[in-house]
$ cat run20.pdb   # PDB, C-alpha atoms and all ligand atoms
ATOM      1  CA  MET R   1       0.000   0.000   0.000  1.00  0.00           C
ATOM      2  CA  GLU R   2       2.825   2.306   0.856  1.00  0.00           C
ATOM      3  CA  ASP R   3       4.387   1.751  -2.542  1.00  0.00           C
ATOM      4  CA  GLY R   4       1.116   2.498  -4.285  1.00  0.00           C
ATOM      5  CA  LYS R   5       0.873   5.785  -2.463  1.00  0.00           C
ATOM      6  CA  LYS R   6       4.397   6.719  -3.423  1.00  0.00           C
ATOM      7  CA  LYS R   7       3.917   5.931  -7.071  1.00  0.00           C
ATOM      8  CA  GLY R   8       0.820   8.064  -7.254  1.00  0.00           C
ATOM      9  CA  GLY R   9       2.547  11.008  -5.588  1.00  0.00           C
ATOM     10  CA  ILE R  10       5.562  13.158  -6.151  1.00  0.00           C
ATOM     11  CA  TYR R  11       7.995  10.504  -4.958  1.00  0.00           C
ATOM     12  CA  SER R  12      11.061  10.310  -7.187  1.00  0.00           C
ATOM     13  CA  ARG R  13      14.730   9.565  -6.599  1.00  0.00           C
ATOM     14  CA  THR R  14      15.848  11.236  -9.809  1.00  0.00           C
ATOM     15  CA  ASP R  15      13.570  14.261 -10.225  1.00  0.00           C
ATOM     16  CA  ALA R  16      15.260  17.153  -8.422  1.00  0.00           C
ATOM     17  CA  SER R  17      12.549  19.729  -9.117  1.00  0.00           C
ATOM     18  CA  LYS R  18      11.159  21.345  -5.974  1.00  0.00           C
ATOM     19  CA  VAL R  19       7.977  20.004  -4.449  1.00  0.00           C
ATOM     20  CA  ASN R  20       5.393  22.416  -3.093  1.00  0.00           C
ATOM     21  CA  LEU R  21       2.310  20.739  -1.709  1.00  0.00           C
ATOM     22  CA  THR R  22      -0.224  22.001   0.792  1.00  0.00           C
ATOM     23  CA  ASP R  23      -0.674  20.118   4.043  1.00  0.00           C
ATOM     24  CA  GLU R  24      -3.962  18.785   2.677  1.00  0.00           C
ATOM     25  CA  GLU R  25      -2.186  17.392  -0.366  1.00  0.00           C
ATOM     26  CA  TRP R  26       0.569  15.893   1.788  1.00  0.00           C
ATOM     27  CA  LYS R  27      -2.057  14.215   3.909  1.00  0.00           C
ATOM     28  CA  GLU R  28      -3.294  12.434   0.797  1.00  0.00           C
ATOM     29  CA  VAL R  29       0.083  11.012  -0.198  1.00  0.00           C
ATOM     30  CA  LEU R  30       1.875  10.334   3.095  1.00  0.00           C
ATOM     31  CA  PRO R  31       1.256   7.591   5.641  1.00  0.00           C
ATOM     32  CA  LYS R  32       0.081   9.108   8.923  1.00  0.00           C
ATOM     33  CA  GLU R  33       3.316   8.646  10.866  1.00  0.00           C
ATOM     34  CA  VAL R  34       5.352  10.176   8.041  1.00  0.00           C
ATOM     35  CA  PHE R  35       2.969  13.139   7.825  1.00  0.00           C
ATOM     36  CA  ASN R  36       3.356  13.714  11.551  1.00  0.00           C
ATOM     37  CA  ILE R  37       7.135  14.019  11.322  1.00  0.00           C
ATOM     38  CA  ALA R  38       7.400  15.626   7.886  1.00  0.00           C
ATOM     39  CA  ARG R  39       4.705  18.290   8.109  1.00  0.00           C
ATOM     40  CA  GLU R  40       3.857  18.610  11.792  1.00  0.00           C
ATOM     41  CA  LYS R  41       7.525  18.480  12.848  1.00  0.00           C
ATOM     42  CA  GLY R  42       6.960  15.558  15.159  1.00  0.00           C
ATOM     43  CA  THR R  43       9.746  13.506  16.713  1.00  0.00           C
ATOM     44  CA  GLU R  44       9.765   9.739  16.970  1.00  0.00           C
ATOM     45  CA  TRP R  45      10.660   8.194  20.327  1.00  0.00           C
ATOM     46  CA  ALA R  46      14.387   7.631  20.780  1.00  0.00           C
ATOM     47  CA  PHE R  47      15.575   4.077  20.105  1.00  0.00           C
ATOM     48  CA  THR R  48      12.309   3.149  18.364  1.00  0.00           C
ATOM     49  CA  GLY R  49      13.084   4.050  14.744  1.00  0.00           C
ATOM     50  CA  LYS R  50      14.212   1.391  12.317  1.00  0.00           C
ATOM     51  CA  TYR R  51      17.539   3.014  11.422  1.00  0.00           C
ATOM     52  CA  TRP R  52      19.059   4.444  14.616  1.00  0.00           C
ATOM     53  CA  ASN R  53      21.185   1.326  15.082  1.00  0.00           C
ATOM     54  CA  SER R  54      21.601   0.318  11.446  1.00  0.00           C
ATOM     55  CA  LYS R  55      25.105  -0.205  10.120  1.00  0.00           C
ATOM     56  CA  GLU R  56      24.169  -1.326   6.649  1.00  0.00           C
ATOM     57  CA  SER R  57      25.859   0.258   3.709  1.00  0.00           C
ATOM     58  CA  GLY R  58      23.633   2.274   1.387  1.00  0.00           C
ATOM     59  CA  THR R  59      21.735   5.494   0.788  1.00  0.00           C
ATOM     60  CA  TYR R  60      19.023   7.235   2.806  1.00  0.00           C
ATOM     61  CA  TYR R  61      16.271   9.021   0.875  1.00  0.00           C
ATOM     62  CA  CYS R  62      13.528  11.391   1.972  1.00  0.00           C
ATOM     63  CA  ALA R  63      10.504   9.186   2.669  1.00  0.00           C
ATOM     64  CA  ALA R  64       8.183  11.964   1.503  1.00  0.00           C
ATOM     65  CA  CYS R  65       9.690  12.846  -1.877  1.00  0.00           C
ATOM     66  CA  GLY R  66      12.587  10.442  -2.607  1.00  0.00           C
ATOM     67  CA  ASN R  67      15.342  13.067  -2.490  1.00  0.00           C
ATOM     68  CA  PRO R  68      18.725  11.420  -1.671  1.00  0.00           C
ATOM     69  CA  LEU R  69      19.762  12.829   1.731  1.00  0.00           C
ATOM     70  CA  PHE R  70      22.534  10.860   3.416  1.00  0.00           C
ATOM     71  CA  VAL R  71      24.886   7.944   2.754  1.00  0.00           C
ATOM     72  CA  SER R  72      25.817   5.317   5.324  1.00  0.00           C
ATOM     73  CA  ASP R  73      29.485   6.369   5.079  1.00  0.00           C
ATOM     74  CA  ALA R  74      28.533   9.563   6.923  1.00  0.00           C
ATOM     75  CA  LYS R  75      26.504   7.717   9.575  1.00  0.00           C
ATOM     76  CA  PHE R  76      28.044   7.207  12.985  1.00  0.00           C
ATOM     77  CA  GLU R  77      27.158   5.444  16.184  1.00  0.00           C
ATOM     78  CA  SER R  78      25.466   7.874  18.469  1.00  0.00           C
ATOM     79  CA  SER R  79      23.913   7.193  21.826  1.00  0.00           C
ATOM     80  CA  CYS R  80      21.049   9.621  21.164  1.00  0.00           C
ATOM     81  CA  GLY R  81      18.667   6.995  19.758  1.00  0.00           C
ATOM     82  CA  TRP R  82      18.157   8.503  16.325  1.00  0.00           C
ATOM     83  CA  PRO R  83      20.046   7.920  13.084  1.00  0.00           C
ATOM     84  CA  SER R  84      23.010  10.310  13.195  1.00  0.00           C
ATOM     85  CA  PHE R  85      25.125  11.585  10.325  1.00  0.00           C
ATOM     86  CA  PHE R  86      28.080  13.978  10.220  1.00  0.00           C
ATOM     87  CA  GLN R  87      27.155  15.406   6.817  1.00  0.00           C
ATOM     88  CA  PRO R  88      24.394  15.334   4.203  1.00  0.00           C
ATOM     89  CA  LEU R  89      24.943  13.755   0.781  1.00  0.00           C
ATOM     90  CA  THR R  90      25.412  17.152  -0.900  1.00  0.00           C
ATOM     91  CA  LYS R  91      25.179  20.771   0.238  1.00  0.00           C
ATOM     92  CA  THR R  92      21.738  21.087  -1.349  1.00  0.00           C
ATOM     93  CA  SER R  93      20.346  17.791  -0.029  1.00  0.00           C
ATOM     94  CA  VAL R  94      19.010  19.573   3.036  1.00  0.00           C
ATOM     95  CA  ILE R  95      18.124  23.109   4.082  1.00  0.00           C
ATOM     96  CA  TYR R  96      18.179  24.734   7.503  1.00  0.00           C
ATOM     97  CA  ALA R  97      15.915  26.867   9.640  1.00  0.00           C
ATOM     98  CA  PRO R  98      16.267  28.313  13.138  1.00  0.00           C
ATOM     99  CA  ASP R  99      14.055  26.511  15.645  1.00  0.00           C
ATOM    100  CA  ASN R 100      13.443  28.261  18.948  1.00  0.00           C
ATOM    101  CA  THR R 101      10.580  26.079  20.148  1.00  0.00           C
ATOM    102  CA  HIS R 102      10.572  24.198  23.465  1.00  0.00           C
ATOM    103  CA  GLY R 103      12.812  26.851  25.044  1.00  0.00           C
ATOM    104  CA  MET R 104      15.824  25.738  22.993  1.00  0.00           C
ATOM    105  CA  HIS R 105      17.867  27.299  20.217  1.00  0.00           C
ATOM    106  CA  ARG R 106      18.262  24.567  17.675  1.00  0.00           C
ATOM    107  CA  THR R 107      18.771  24.314  13.943  1.00  0.00           C
ATOM    108  CA  GLU R 108      16.069  22.443  12.117  1.00  0.00           C
ATOM    109  CA  VAL R 109      17.032  20.263   9.126  1.00  0.00           C
ATOM    110  CA  LEU R 110      14.572  20.042   6.253  1.00  0.00           C
ATOM    111  CA  CYS R 111      14.561  18.156   2.965  1.00  0.00           C
ATOM    112  CA  GLY R 112      16.114  20.306   0.235  1.00  0.00           C
ATOM    113  CA  ARG R 113      13.506  19.206  -2.267  1.00  0.00           C
ATOM    114  CA  CYS R 114      10.172  19.124  -0.428  1.00  0.00           C
ATOM    115  CA  LYS R 115      10.934  20.957   2.837  1.00  0.00           C
ATOM    116  CA  SER R 116       9.772  18.080   4.984  1.00  0.00           C
ATOM    117  CA  HIS R 117      11.011  18.221   8.564  1.00  0.00           C
ATOM    118  CA  LEU R 118      13.825  15.690   9.021  1.00  0.00           C
ATOM    119  CA  GLY R 119      15.314  16.492  12.427  1.00  0.00           C
ATOM    120  CA  HIS R 120      17.960  18.818  13.858  1.00  0.00           C
ATOM    121  CA  VAL R 121      21.674  19.421  13.507  1.00  0.00           C
ATOM    122  CA  PHE R 122      23.962  19.878  16.523  1.00  0.00           C
ATOM    123  CA  ASP R 123      27.633  20.824  16.762  1.00  0.00           C
ATOM    124  CA  ASP R 124      28.708  17.909  18.962  1.00  0.00           C
ATOM    125  CA  GLY R 125      29.396  15.455  16.133  1.00  0.00           C
ATOM    126  CA  PRO R 126      32.616  13.636  15.190  1.00  0.00           C
ATOM    127  CA  PRO R 127      35.267  14.725  12.667  1.00  0.00           C
ATOM    128  CA  PRO R 128      35.551  15.727   9.905  1.00  0.00           C
ATOM    129  CA  THR R 129      32.607  18.136  10.287  1.00  0.00           C
ATOM    130  CA  GLY R 130      31.969  18.120  14.032  1.00  0.00           C
ATOM    131  CA  LEU R 131      28.281  18.075  13.205  1.00  0.00           C
ATOM    132  CA  ARG R 132      25.571  15.652  14.251  1.00  0.00           C
ATOM    133  CA  TYR R 133      22.538  15.454  12.007  1.00  0.00           C
ATOM    134  CA  CYS R 134      19.969  13.849  14.249  1.00  0.00           C
ATOM    135  CA  ILE R 135      17.260  12.530  11.920  1.00  0.00           C
ATOM    136  CA  ASN R 136      13.964  10.688  12.423  1.00  0.00           C
ATOM    137  CA  SER R 137      13.930   7.157  10.948  1.00  0.00           C
ATOM    138  CA  VAL R 138      10.324   7.613   9.888  1.00  0.00           C
ATOM    139  CA  ILE R 139      11.240  10.242   7.316  1.00  0.00           C
ATOM    140  CA  LEU R 140      14.042   8.106   5.856  1.00  0.00           C
ATOM    141  CA  ASP R 141      13.866   5.450   3.152  1.00  0.00           C
ATOM    142  CA  PHE R 142      16.934   3.256   3.095  1.00  0.00           C
ATOM    143  CA  GLU R 143      18.279   1.412   0.100  1.00  0.00           C
ATOM    144  CA  LYS R 144      21.151  -1.020   0.481  1.00  0.00           C
ATOM    145  CA  ALA R 145      24.205  -0.338  -1.657  1.00  0.00           C
ATOM    146  CA  GLN R 146      23.784  -3.654  -3.427  1.00  0.00           C
ATOM    147  CA  GLU R 147      20.173  -2.915  -4.392  1.00  0.00           C
ATOM    148  CA  ALA R 148      21.050   0.584  -5.530  1.00  0.00           C
ATOM    149  CA  ASN R 149      23.755  -0.805  -7.751  1.00  0.00           C
ATOM    150  CA  GLU R 150      21.418  -3.376  -9.240  1.00  0.00           C
ATOM    151  CA  GLN R 151      18.845  -0.668  -9.873  1.00  0.00           C
ATOM    152  CA  TYR R 152      21.518   1.408 -11.562  1.00  0.00           C
ATOM    153  CA  GLN R 153      22.521  -1.486 -13.806  1.00  0.00           C
ATOM    154  CA  GLN R 154      18.887  -2.102 -14.614  1.00  0.00           C
ATOM    155  CA  ASP R 155      18.306   1.566 -15.457  1.00  0.00           C
ATOM    156  CA  LYS R 156      21.347   1.516 -17.662  1.00  0.00           C
ATOM    157  CA  ALA R 157      20.049  -1.555 -19.462  1.00  0.00           C
ATOM    158  CA  ASN R 158      16.678   0.148 -19.901  1.00  0.00           C
ATOM    159  CA  ASP R 159      18.355   3.253 -21.278  1.00  0.00           C
ATOM    160  CA  LYS R 160      20.131   1.090 -23.815  1.00  0.00           C
ATOM    161  CA  ALA R 161      16.850  -0.432 -24.863  1.00  0.00           C
ATOM    162  CA  TYR R 162      15.515   3.028 -25.689  1.00  0.00           C
ATOM    163  CA  GLU R 163      18.488   3.966 -27.851  1.00  0.00           C
TER     164      GLU R 163
HETATM  165 ZN    ZN R 201      11.738  15.435   0.621  1.00  0.00          ZN
END
$ encode --input "run20.pdb" --output "structure tokens"
Amino acid sequence: MEDGKKKGGIYSRTDASKVNLTDEEWKEVLPKEVFNIAREKGTEWAFTGKYWNSKESGTYYCAACGNPLFVSDAKFESSCGWPSFFQPLTKTSVIYAPDNTHGMHRTEVLCGRCKSHLGHVFDDGPPPTGLRYCINSVILDFEKAQEANEQYQQDKANDKAYE
């Protein structure tokens, strides 16, 4: 069911064009728990997400729009209970906004393509950046390196077929 929703929506791992949907439209295309994080800036409980402890090699995509966000090479073991990265995939993968809610001064991290809320970035991370991108698992789609490579080979084969 989740896949069906994605296919009908704006989900794409190759289309970099910006996504601008209203909350009503997002509600139509996103599963409830994703909507809560992405659009209502919710936070999943620590140590409950599916990726906080994952060490698999691959790429993390925005679960709302498919934008590639992080690679496992930049993921590190953090005791905070959420998937933690020291840098995004590219400079434009994510955007930032000041967040002064809950009596704290934090920097919010949003998807660079669809502006979904991802999590926050803190300056207590490891080298080389010293940053800790603390991201909700719910808003991440993970693809193992092996699968991504197979998909790439398949796409290449398909491209050939069109030539
Ligand atoms: Zn996105």
$ residues_near_ligand --input "run20.pdb" --ligand "ligand ZN 201 (chain R)" --cutoff "8 Å" --atoms "all atoms listed in the file" --output "PyMOL selection string"
chain R and resi 19+61-67+110-116
$ write_last_selection --input "run20.pdb" --atoms "C-alpha atoms" --output "mmCIF file, in the coordinates of the input"
data_model
loop_
_atom_site.group_PDB
_atom_site.id
_atom_site.type_symbol
_atom_site.label_atom_id
_atom_site.label_comp_id
_atom_site.auth_asym_id
_atom_site.auth_seq_id
_atom_site.Cartn_x
_atom_site.Cartn_y
_atom_site.Cartn_z
ATOM 1 C CA VAL R 19 7.977 20.004 -4.449
ATOM 2 C CA TYR R 61 16.271 9.021 0.875
ATOM 3 C CA CYS R 62 13.528 11.391 1.972
ATOM 4 C CA ALA R 63 10.504 9.186 2.669
ATOM 5 C CA ALA R 64 8.183 11.964 1.503
ATOM 6 C CA CYS R 65 9.690 12.846 -1.877
ATOM 7 C CA GLY R 66 12.587 10.442 -2.607
ATOM 8 C CA ASN R 67 15.342 13.067 -2.490
ATOM 9 C CA LEU R 110 14.572 20.042 6.253
ATOM 10 C CA CYS R 111 14.561 18.156 2.965
ATOM 11 C CA GLY R 112 16.114 20.306 0.235
ATOM 12 C CA ARG R 113 13.506 19.206 -2.267
ATOM 13 C CA CYS R 114 10.172 19.124 -0.428
ATOM 14 C CA LYS R 115 10.934 20.957 2.837
ATOM 15 C CA SER R 116 9.772 18.080 4.984
#
$ resolve_selection --input "run20.pdb" --expression "the PyMOL selection byres (((chain R and resi 117) around 9) and not hetatm)" --output "list in words"
Ile37, Ala38, Arg39, Glu40, Lys41, Gly42, Glu108, Val109, Leu110, Cys111, Lys115, Ser116, Leu118, Gly119, His120, Asn136 and Ile139 of chain R
$ closest_residue --input "run20.pdb" --among "R:Ala157, R:Leu131, R:Ala145, R:Val138" --to "Gly49 (chain R)" --atoms "all atoms listed in the file"
R:Val138
$ atom_distance --input "run20.pdb" --atom1 "CA of Ser17 (chain R)" --atom2 "CA of Asn158 (chain R)"
22.7 Å
$ resolve_selection --input "run20.pdb" --expression "the PyMOL selection byres (((chain R and resi 83) around 9) and not hetatm)" --output "PyMOL selection string"
chain R and resi 49-54+75-78+80-82+84-85+133-137
$ resolve_selection --input "run20.pdb" --expression "the PyMOL selection byres (((chain R and resi 91-100) around 7) and not hetatm)" --output "PyMOL selection string"
chain R and resi 68-69+88-90+101-112
$ write_last_selection --input "run20.pdb" --atoms "C-alpha atoms" --output "tab-separated table (two decimals), keeping the file's coordinate frame"
chain	number	residue	atom	x	y	z
R	68	PRO	CA	18.73	11.42	-1.67
R	69	LEU	CA	19.76	12.83	1.73
R	88	PRO	CA	24.39	15.33	4.20
R	89	LEU	CA	24.94	13.76	0.78
R	90	THR	CA	25.41	17.15	-0.90
R	101	THR	CA	10.58	26.08	20.15
R	102	HIS	CA	10.57	24.20	23.46
R	103	GLY	CA	12.81	26.85	25.04
R	104	MET	CA	15.82	25.74	22.99
R	105	HIS	CA	17.87	27.30	20.22
R	106	ARG	CA	18.26	24.57	17.68
R	107	THR	CA	18.77	24.31	13.94
R	108	GLU	CA	16.07	22.44	12.12
R	109	VAL	CA	17.03	20.26	9.13
R	110	LEU	CA	14.57	20.04	6.25
R	111	CYS	CA	14.56	18.16	2.96
R	112	GLY	CA	16.11	20.31	0.24
$ residues_near_point --input "run20.pdb" --point "(32.9, 16.4, 10.0)" --cutoff "12 Å" --atoms "all atoms listed in the file" --output "PyMOL selection string"
chain R and resi 73-76+85-88+122-133
$ atom_distance --input "run20.pdb" --atom1 "CA of Gly58 (chain R)" --atom2 "CA of Asn20 (chain R)"
27.5 Å
$ atom_distance --input "run20.pdb" --atom1 "CA of Glu25 (chain R)" --atom2 "CA of Tyr11 (chain R)"
13.1 Å
$ decode --input "run20.pdb" --residues "region 42-160 of chain R" --atoms "C-alpha atoms" --output "PDB file, in the first residue's frame"
ATOM      1  CA  GLY R  42       6.960  15.558  15.159  1.00  0.00           C
ATOM      2  CA  THR R  43       9.746  13.506  16.713  1.00  0.00           C
ATOM      3  CA  GLU R  44       9.765   9.739  16.970  1.00  0.00           C
ATOM      4  CA  TRP R  45      10.660   8.194  20.327  1.00  0.00           C
ATOM      5  CA  ALA R  46      14.387   7.631  20.780  1.00  0.00           C
ATOM      6  CA  PHE R  47      15.575   4.077  20.105  1.00  0.00           C
ATOM      7  CA  THR R  48      12.309   3.149  18.364  1.00  0.00           C
ATOM      8  CA  GLY R  49      13.084   4.050  14.744  1.00  0.00           C
ATOM      9  CA  LYS R  50      14.212   1.391  12.317  1.00  0.00           C
ATOM     10  CA  TYR R  51      17.539   3.014  11.422  1.00  0.00           C
ATOM     11  CA  TRP R  52      19.059   4.444  14.616  1.00  0.00           C
ATOM     12  CA  ASN R  53      21.185   1.326  15.082  1.00  0.00           C
ATOM     13  CA  SER R  54      21.601   0.318  11.446  1.00  0.00           C
ATOM     14  CA  LYS R  55      25.105  -0.205  10.120  1.00  0.00           C
ATOM     15  CA  GLU R  56      24.169  -1.326   6.649  1.00  0.00           C
ATOM     16  CA  SER R  57      25.859   0.258   3.709  1.00  0.00           C
ATOM     17  CA  GLY R  58      23.633   2.274   1.387  1.00  0.00           C
ATOM     18  CA  THR R  59      21.735   5.494   0.788  1.00  0.00           C
ATOM     19  CA  TYR R  60      19.023   7.235   2.806  1.00  0.00           C
ATOM     20  CA  TYR R  61      16.271   9.021   0.875  1.00  0.00           C
ATOM     21  CA  CYS R  62      13.528  11.391   1.972  1.00  0.00           C
ATOM     22  CA  ALA R  63      10.504   9.186   2.669  1.00  0.00           C
ATOM     23  CA  ALA R  64       8.183  11.964   1.503  1.00  0.00           C
ATOM     24  CA  CYS R  65       9.690  12.846  -1.877  1.00  0.00           C
ATOM     25  CA  GLY R  66      12.587  10.442  -2.607  1.00  0.00           C
ATOM     26  CA  ASN R  67      15.342  13.067  -2.490  1.00  0.00           C
ATOM     27  CA  PRO R  68      18.725  11.420  -1.671  1.00  0.00           C
ATOM     28  CA  LEU R  69      19.762  12.829   1.731  1.00  0.00           C
ATOM     29  CA  PHE R  70      22.534  10.860   3.416  1.00  0.00           C
ATOM     30  CA  VAL R  71      24.886   7.944   2.754  1.00  0.00           C
ATOM     31  CA  SER R  72      25.817   5.317   5.324  1.00  0.00           C
ATOM     32  CA  ASP R  73      29.485   6.369   5.079  1.00  0.00           C
ATOM     33  CA  ALA R  74      28.533   9.563   6.923  1.00  0.00           C
ATOM     34  CA  LYS R  75      26.504   7.717   9.575  1.00  0.00           C
ATOM     35  CA  PHE R  76      28.044   7.207  12.985  1.00  0.00           C
ATOM     36  CA  GLU R  77      27.158   5.444  16.184  1.00  0.00           C
ATOM     37  CA  SER R  78      25.466   7.874  18.469  1.00  0.00           C
ATOM     38  CA  SER R  79      23.913   7.193  21.826  1.00  0.00           C
ATOM     39  CA  CYS R  80      21.049   9.621  21.164  1.00  0.00           C
ATOM     40  CA  GLY R  81      18.667   6.995  19.758  1.00  0.00           C
ATOM     41  CA  TRP R  82      18.157   8.503  16.325  1.00  0.00           C
ATOM     42  CA  PRO R  83      20.046   7.920  13.084  1.00  0.00           C
ATOM     43  CA  SER R  84      23.010  10.310  13.195  1.00  0.00           C
ATOM     44  CA  PHE R  85      25.125  11.585  10.325  1.00  0.00           C
ATOM     45  CA  PHE R  86      28.080  13.978  10.220  1.00  0.00           C
ATOM     46  CA  GLN R  87      27.155  15.406   6.817  1.00  0.00           C
ATOM     47  CA  PRO R  88      24.394  15.334   4.203  1.00  0.00           C
ATOM     48  CA  LEU R  89      24.943  13.755   0.781  1.00  0.00           C
ATOM     49  CA  THR R  90      25.412  17.152  -0.900  1.00  0.00           C
ATOM     50  CA  LYS R  91      25.179  20.771   0.238  1.00  0.00           C
ATOM     51  CA  THR R  92      21.738  21.087  -1.349  1.00  0.00           C
ATOM     52  CA  SER R  93      20.346  17.791  -0.029  1.00  0.00           C
ATOM     53  CA  VAL R  94      19.010  19.573   3.036  1.00  0.00           C
ATOM     54  CA  ILE R  95      18.124  23.109   4.082  1.00  0.00           C
ATOM     55  CA  TYR R  96      18.179  24.734   7.503  1.00  0.00           C
ATOM     56  CA  ALA R  97      15.915  26.867   9.640  1.00  0.00           C
ATOM     57  CA  PRO R  98      16.267  28.313  13.138  1.00  0.00           C
ATOM     58  CA  ASP R  99      14.055  26.511  15.645  1.00  0.00           C
ATOM     59  CA  ASN R 100      13.443  28.261  18.948  1.00  0.00           C
ATOM     60  CA  THR R 101      10.580  26.079  20.148  1.00  0.00           C
ATOM     61  CA  HIS R 102      10.572  24.198  23.465  1.00  0.00           C
ATOM     62  CA  GLY R 103      12.812  26.851  25.044  1.00  0.00           C
ATOM     63  CA  MET R 104      15.824  25.738  22.993  1.00  0.00           C
ATOM     64  CA  HIS R 105      17.867  27.299  20.217  1.00  0.00           C
ATOM     65  CA  ARG R 106      18.262  24.567  17.675  1.00  0.00           C
ATOM     66  CA  THR R 107      18.771  24.314  13.943  1.00  0.00           C
ATOM     67  CA  GLU R 108      16.069  22.443  12.117  1.00  0.00           C
ATOM     68  CA  VAL R 109      17.032  20.263   9.126  1.00  0.00           C
ATOM     69  CA  LEU R 110      14.572  20.042   6.253  1.00  0.00           C
ATOM     70  CA  CYS R 111      14.561  18.156   2.965  1.00  0.00           C
ATOM     71  CA  GLY R 112      16.114  20.306   0.235  1.00  0.00           C
ATOM     72  CA  ARG R 113      13.506  19.206  -2.267  1.00  0.00           C
ATOM     73  CA  CYS R 114      10.172  19.124  -0.428  1.00  0.00           C
ATOM     74  CA  LYS R 115      10.934  20.957   2.837  1.00  0.00           C
ATOM     75  CA  SER R 116       9.772  18.080   4.984  1.00  0.00           C
ATOM     76  CA  HIS R 117      11.011  18.221   8.564  1.00  0.00           C
ATOM     77  CA  LEU R 118      13.825  15.690   9.021  1.00  0.00           C
ATOM     78  CA  GLY R 119      15.314  16.492  12.427  1.00  0.00           C
ATOM     79  CA  HIS R 120      17.960  18.818  13.858  1.00  0.00           C
ATOM     80  CA  VAL R 121      21.674  19.421  13.507  1.00  0.00           C
ATOM     81  CA  PHE R 122      23.962  19.878  16.523  1.00  0.00           C
ATOM     82  CA  ASP R 123      27.633  20.824  16.762  1.00  0.00           C
ATOM     83  CA  ASP R 124      28.708  17.909  18.962  1.00  0.00           C
ATOM     84  CA  GLY R 125      29.396  15.455  16.133  1.00  0.00           C
ATOM     85  CA  PRO R 126      32.616  13.636  15.190  1.00  0.00           C
ATOM     86  CA  PRO R 127      35.267  14.725  12.667  1.00  0.00           C
ATOM     87  CA  PRO R 128      35.551  15.727   9.905  1.00  0.00           C
ATOM     88  CA  THR R 129      32.607  18.136  10.287  1.00  0.00           C
ATOM     89  CA  GLY R 130      31.969  18.120  14.032  1.00  0.00           C
ATOM     90  CA  LEU R 131      28.281  18.075  13.205  1.00  0.00           C
ATOM     91  CA  ARG R 132      25.571  15.652  14.251  1.00  0.00           C
ATOM     92  CA  TYR R 133      22.538  15.454  12.007  1.00  0.00           C
ATOM     93  CA  CYS R 134      19.969  13.849  14.249  1.00  0.00           C
ATOM     94  CA  ILE R 135      17.260  12.530  11.920  1.00  0.00           C
ATOM     95  CA  ASN R 136      13.964  10.688  12.423  1.00  0.00           C
ATOM     96  CA  SER R 137      13.930   7.157  10.948  1.00  0.00           C
ATOM     97  CA  VAL R 138      10.324   7.613   9.888  1.00  0.00           C
ATOM     98  CA  ILE R 139      11.240  10.242   7.316  1.00  0.00           C
ATOM     99  CA  LEU R 140      14.042   8.106   5.856  1.00  0.00           C
ATOM    100  CA  ASP R 141      13.866   5.450   3.152  1.00  0.00           C
ATOM    101  CA  PHE R 142      16.934   3.256   3.095  1.00  0.00           C
ATOM    102  CA  GLU R 143      18.279   1.412   0.100  1.00  0.00           C
ATOM    103  CA  LYS R 144      21.151  -1.020   0.481  1.00  0.00           C
ATOM    104  CA  ALA R 145      24.205  -0.338  -1.657  1.00  0.00           C
ATOM    105  CA  GLN R 146      23.784  -3.654  -3.427  1.00  0.00           C
ATOM    106  CA  GLU R 147      20.173  -2.915  -4.392  1.00  0.00           C
ATOM    107  CA  ALA R 148      21.050   0.584  -5.530  1.00  0.00           C
ATOM    108  CA  ASN R 149      23.755  -0.805  -7.751  1.00  0.00           C
ATOM    109  CA  GLU R 150      21.418  -3.376  -9.240  1.00  0.00           C
ATOM    110  CA  GLN R 151      18.845  -0.668  -9.873  1.00  0.00           C
ATOM    111  CA  TYR R 152      21.518   1.408 -11.562  1.00  0.00           C
ATOM    112  CA  GLN R 153      22.521  -1.486 -13.806  1.00  0.00           C
ATOM    113  CA  GLN R 154      18.887  -2.102 -14.614  1.00  0.00           C
ATOM    114  CA  ASP R 155      18.306   1.566 -15.457  1.00  0.00           C
ATOM    115  CA  LYS R 156      21.347   1.516 -17.662  1.00  0.00           C
ATOM    116  CA  ALA R 157      20.049  -1.555 -19.462  1.00  0.00           C
ATOM    117  CA  ASN R 158      16.678   0.148 -19.901  1.00  0.00           C
ATOM    118  CA  ASP R 159      18.355   3.253 -21.278  1.00  0.00           C
ATOM    119  CA  LYS R 160      20.131   1.090 -23.815  1.00  0.00           C
TER     120      LYS R 160
END
